[in-house]
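Have a look at the structure below before the remarks.
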Amino acid sequence: MIAAWALIVGGLVRVVGEVLEILAGGHTAVSSGIAGGALILVMIGFGGLWPEARGNRLARLAIIMIGLGALGFAGIAAWSISMGTLPMGVVAQMPVFIAIALVTLIGAMALAVWLITSSSYPVWIGIVMSISIAMSLVSSFVAFPALVQPLIDLVMALTFIQLGLSMRERRKTGTRL
């Protein structure tokens with residue numbers, strides 16, 4: 001149940017960070033710190049899917065890669081804050097950012113396939129989550145209007161919340177794989 005709550009709270013915290021980013025007109029030290037904290041919670045939440053993933057290599061790959069990506073991006077957020085909150089265009093050109101983005105993208109696609117083919121969770125969560133993660137990564141490299149990235153990340157945060165609610169409901173009713 002802790003993992004489900006970690007996804008729910010992580011998603012809510014991410015929503016707060018994205019709203020702050022929208023209000024500020026761009027990312028700030030506060031919104032970056034909030035995003036980093038939210039990613040740690042989301043990583044804990046995805047770890048809670050491990051018992052259901054134990055019989056599926058793709059699901060295990062997804063959980064590991066999403067977890068590594070979340071941890072990596074949280075680290076980058078902390079580093080960026082320590083450097084005076086670097087512009088996203090600068091951070092996105094760093095080889096470590098590109099590597100973490102690739103790991104996260106592969107994890108998101110694996111997660112989507114697993115969630116879509118699994119009878120455990122609503123299919124739409126896998127579809128919307130993978131598209132929003134991919135779009136969030138793309139928006140780090142492409143010059144979208146300032147409002148686009150936070151809106152994409154809001155959608156992603158809502159899918160984290162929904163996955164957490166679905167996980168919580170499954171655990172509450174005793175439906176486990």
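How things are named: the first chain in the structure tokens is A, the next is B, and so on; residues count from 1 in each chain; ligands count from 1 in the order shown.
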
Out of region 15-157 of chain A, which residues get alpha helix (DSSP H) from DSSP, as JSON, numbers by chain?
-> {"A": [15, 16, 17, 18, 19, 20, 21, 22, 23, 24, 29, 30, 31, 32, 33, 34, 35, 36, 37, 38, 39, 40, 41, 42, 43, 44, 45, 46, 47, 50, 51, 52, 53, 57, 58, 59, 60, 61, 62, 63, 64, 65, 66, 67, 68, 69, 70, 71, 72, 73, 74, 75, 76, 77, 78, 79, 80, 81, 82, 88, 89, 90, 91, 95, 96, 97, 98, 99, 100, 101, 102, 103, 104, 105, 106, 107, 108, 109, 110, 111, 112, 113, 114, 115, 116, 117, 123, 124, 125, 126, 127, 128, 129, 130, 131, 132, 133, 134, 135, 136, 137, 138, 139, 140, 141, 148, 149, 150, 151, 152, 153, 154, 155, 156, 157]}

Can you list, as an mmCIF file with N, CA, C and O atoms, in the first residue's frame, every protein, DNA or RNA residue that comes within 7 Å of Met88 (chain A) when you count only C-alpha atoms, leaving out same-chain residues fewer than 3 positions away?
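Saved as around_5.cif:
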data_model
loop_
_atom_site.group_PDB
_atom_site.id
_atom_site.type_symbol
_atom_site.label_atom_id
_atom_site.label_comp_id
_atom_site.auth_asym_id
_atom_site.auth_seq_id
_atom_site.Cartn_x
_atom_site.Cartn_y
_atom_site.Cartn_z
ATOM 1 N N VAL A 91 20.946 21.893 -19.772
ATOM 2 C CA VAL A 91 20.904 20.577 -19.133
ATOM 3 C C VAL A 91 20.608 19.481 -20.153
ATOM 4 O O VAL A 91 21.232 18.422 -20.134
ATOM 5 N N ALA A 92 19.699 19.751 -21.084
ATOM 6 C CA ALA A 92 19.283 18.734 -22.059
ATOM 7 C C ALA A 92 20.396 18.367 -23.031
ATOM 8 O O ALA A 92 20.331 17.311 -23.667
ATOM 9 N N SER A 140 12.118 18.370 -23.955
ATOM 10 C CA SER A 140 13.390 18.832 -23.398
ATOM 11 C C SER A 140 14.373 19.216 -24.496
ATOM 12 O O SER A 140 15.295 19.992 -24.268
#

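Restricting the calculation to only C-alpha atoms, the smallest distance between Arg14 (chain A) and any of A:Pro51, A:Pro150, A:Gly26, A:Pro95 is found for A:Pro150.
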
With only C-alpha atoms counted and 8 Å as the cut-off, give the residues of region 60-157 of chain A in contact with region 30-48 of chain A, each with its shortest interatomic distance in Å and the pair that gives it, as a Markdown table.
| residue | atom | partner | partner_atom | distance |
| --- | --- | --- | --- | --- |
| A:Ile63 | CA | A:Phe46 | CA | 6.1 |
| A:Ile66 | CA | A:Met43 | CA | 7.2 |
| A:Gly67 | CA | A:Met43 | CA | 4.9 |
| A:Ala70 | CA | A:Leu39 | CA | 5.3 |
| A:Leu71 | CA | A:Ile40 | CA | 6.3 |
| A:Phe73 | CA | A:Gly36 | CA | 6.9 |
| A:Ala74 | CA | A:Gly36 | CA | 4.1 |
| A:Gly75 | CA | A:Gly36 | CA | 7.3 |
| A:Ala77 | CA | A:Ser32 | CA | 5.7 |
| A:Ala78 | CA | A:Gly33 | CA | 6.7 |
| A:Ile81 | CA | A:Ser32 | CA | 7.2 |
| A:Thr85 | CA | A:Ser32 | CA | 7.9 |

Kindly save the residues from that selection, with N, CA and C atoms included, as a CSV table (one decimal), in the first residue's frame.
chain,number,residue,atom,x,y,z
A,63,ILE,N,10.2,-1.5,-14.9
A,63,ILE,CA,10.3,-1.0,-13.5
A,63,ILE,C,11.8,-0.6,-13.2
A,66,ILE,N,12.6,2.6,-15.5
A,66,ILE,CA,11.8,3.8,-15.0
A,66,ILE,C,12.4,4.3,-13.7
A,67,GLY,N,12.7,3.3,-12.8
A,67,GLY,CA,13.3,3.7,-11.5
A,67,GLY,C,14.7,4.4,-11.7
A,70,ALA,N,14.0,7.9,-13.1
A,70,ALA,CA,13.5,8.8,-12.1
A,70,ALA,C,14.6,9.2,-11.1
A,71,LEU,N,15.4,8.3,-10.7
A,71,LEU,CA,16.5,8.6,-9.8
A,71,LEU,C,17.5,9.5,-10.5
A,73,PHE,N,17.0,11.6,-13.1
A,73,PHE,CA,16.4,12.9,-13.3
A,73,PHE,C,16.3,13.7,-11.9
A,74,ALA,N,16.1,13.0,-10.8
A,74,ALA,CA,16.1,13.6,-9.5
A,74,ALA,C,17.5,14.1,-9.2
A,75,GLY,N,18.5,13.3,-9.5
A,75,GLY,CA,19.9,13.8,-9.3
A,75,GLY,C,20.2,15.0,-10.2
A,77,ALA,N,18.1,17.2,-11.3
A,77,ALA,CA,17.4,18.4,-10.7
A,77,ALA,C,18.2,18.9,-9.5
A,78,ALA,N,18.7,18.1,-8.7
A,78,ALA,CA,19.5,18.5,-7.5
A,78,ALA,C,20.8,19.2,-7.9
A,81,ILE,N,20.0,22.6,-9.4
A,81,ILE,CA,19.7,23.6,-8.4
A,81,ILE,C,21.0,24.1,-7.7
A,85,THR,N,20.2,26.6,-10.8
A,85,THR,CA,19.1,26.3,-11.7
A,85,THR,C,19.4,26.6,-13.2

Considering only C-alpha atoms, state which residue in the set A:Met83, A:Met1, A:Ala29, A:Ile127 is at the smallest distance from Gly17 (chain A).
->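 Checking each candidate against Gly17 (chain A), we get A:Ala29 as the closest.
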
Nearby residues (only C-alpha atoms) at most 10 Å from Ile100 (chain A), same-chain spacing under 2 positions excluded, as a PyMOL selection string = chain A and resi 65-66+68-73+76+95-98+102-106+137

Name all residues at most 8 Å from Gly11 (chain A) (count only C-alpha atoms; drop same-chain ones fewer than 3 positions away) and give them as number ranges by chain.
-> A: 7-8, 14-15, 38, 42, 157-161

Could you save those same residues with N, CA and C atoms as a short mmCIF file (atom, residue, chain, number, x, y, z; two decimals), in the first residue's frame?
data_model
loop_
_atom_site.label_atom_id
_atom_site.label_comp_id
_atom_site.auth_asym_id
_atom_site.auth_seq_id
_atom_site.Cartn_x
_atom_site.Cartn_y
_atom_site.Cartn_z
N LEU A 7 2.97 6.69 -5.35
CA LEU A 7 2.59 7.15 -6.69
C LEU A 7 1.56 8.28 -6.62
N ILE A 8 0.58 8.13 -5.75
CA ILE A 8 -0.46 9.15 -5.62
C ILE A 8 0.14 10.47 -5.13
N ARG A 14 4.07 16.43 -8.00
CA ARG A 14 4.49 16.85 -9.34
C ARG A 14 3.52 17.88 -9.92
N VAL A 15 2.23 17.69 -9.68
CA VAL A 15 1.23 18.67 -10.14
C VAL A 15 1.53 20.04 -9.53
N ALA A 38 9.25 14.62 -6.22
CA ALA A 38 8.14 13.83 -6.78
C ALA A 38 8.67 12.60 -7.49
N VAL A 42 7.72 8.69 -7.01
CA VAL A 42 7.25 7.88 -8.14
C VAL A 42 8.11 6.63 -8.28
N ALA A 157 1.78 13.38 -14.56
CA ALA A 157 1.54 13.31 -13.12
C ALA A 157 0.17 12.70 -12.82
N LEU A 158 -0.83 13.06 -13.61
CA LEU A 158 -2.18 12.50 -13.41
C LEU A 158 -2.20 11.00 -13.67
N THR A 159 -1.38 10.52 -14.62
CA THR A 159 -1.33 9.07 -14.84
C THR A 159 -0.65 8.37 -13.68
N PHE A 160 0.34 9.02 -13.05
CA PHE A 160 0.95 8.43 -11.86
C PHE A 160 -0.09 8.29 -10.75
N ILE A 161 -0.89 9.34 -10.59
CA ILE A 161 -1.94 9.32 -9.57
C ILE A 161 -2.93 8.18 -9.86
#

Å distance separating CA of Ala112 (chain A) from CA of Val9 (chain A), one decimal place =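 Rounded to one decimal, the two atoms are 21.3 Å apart.
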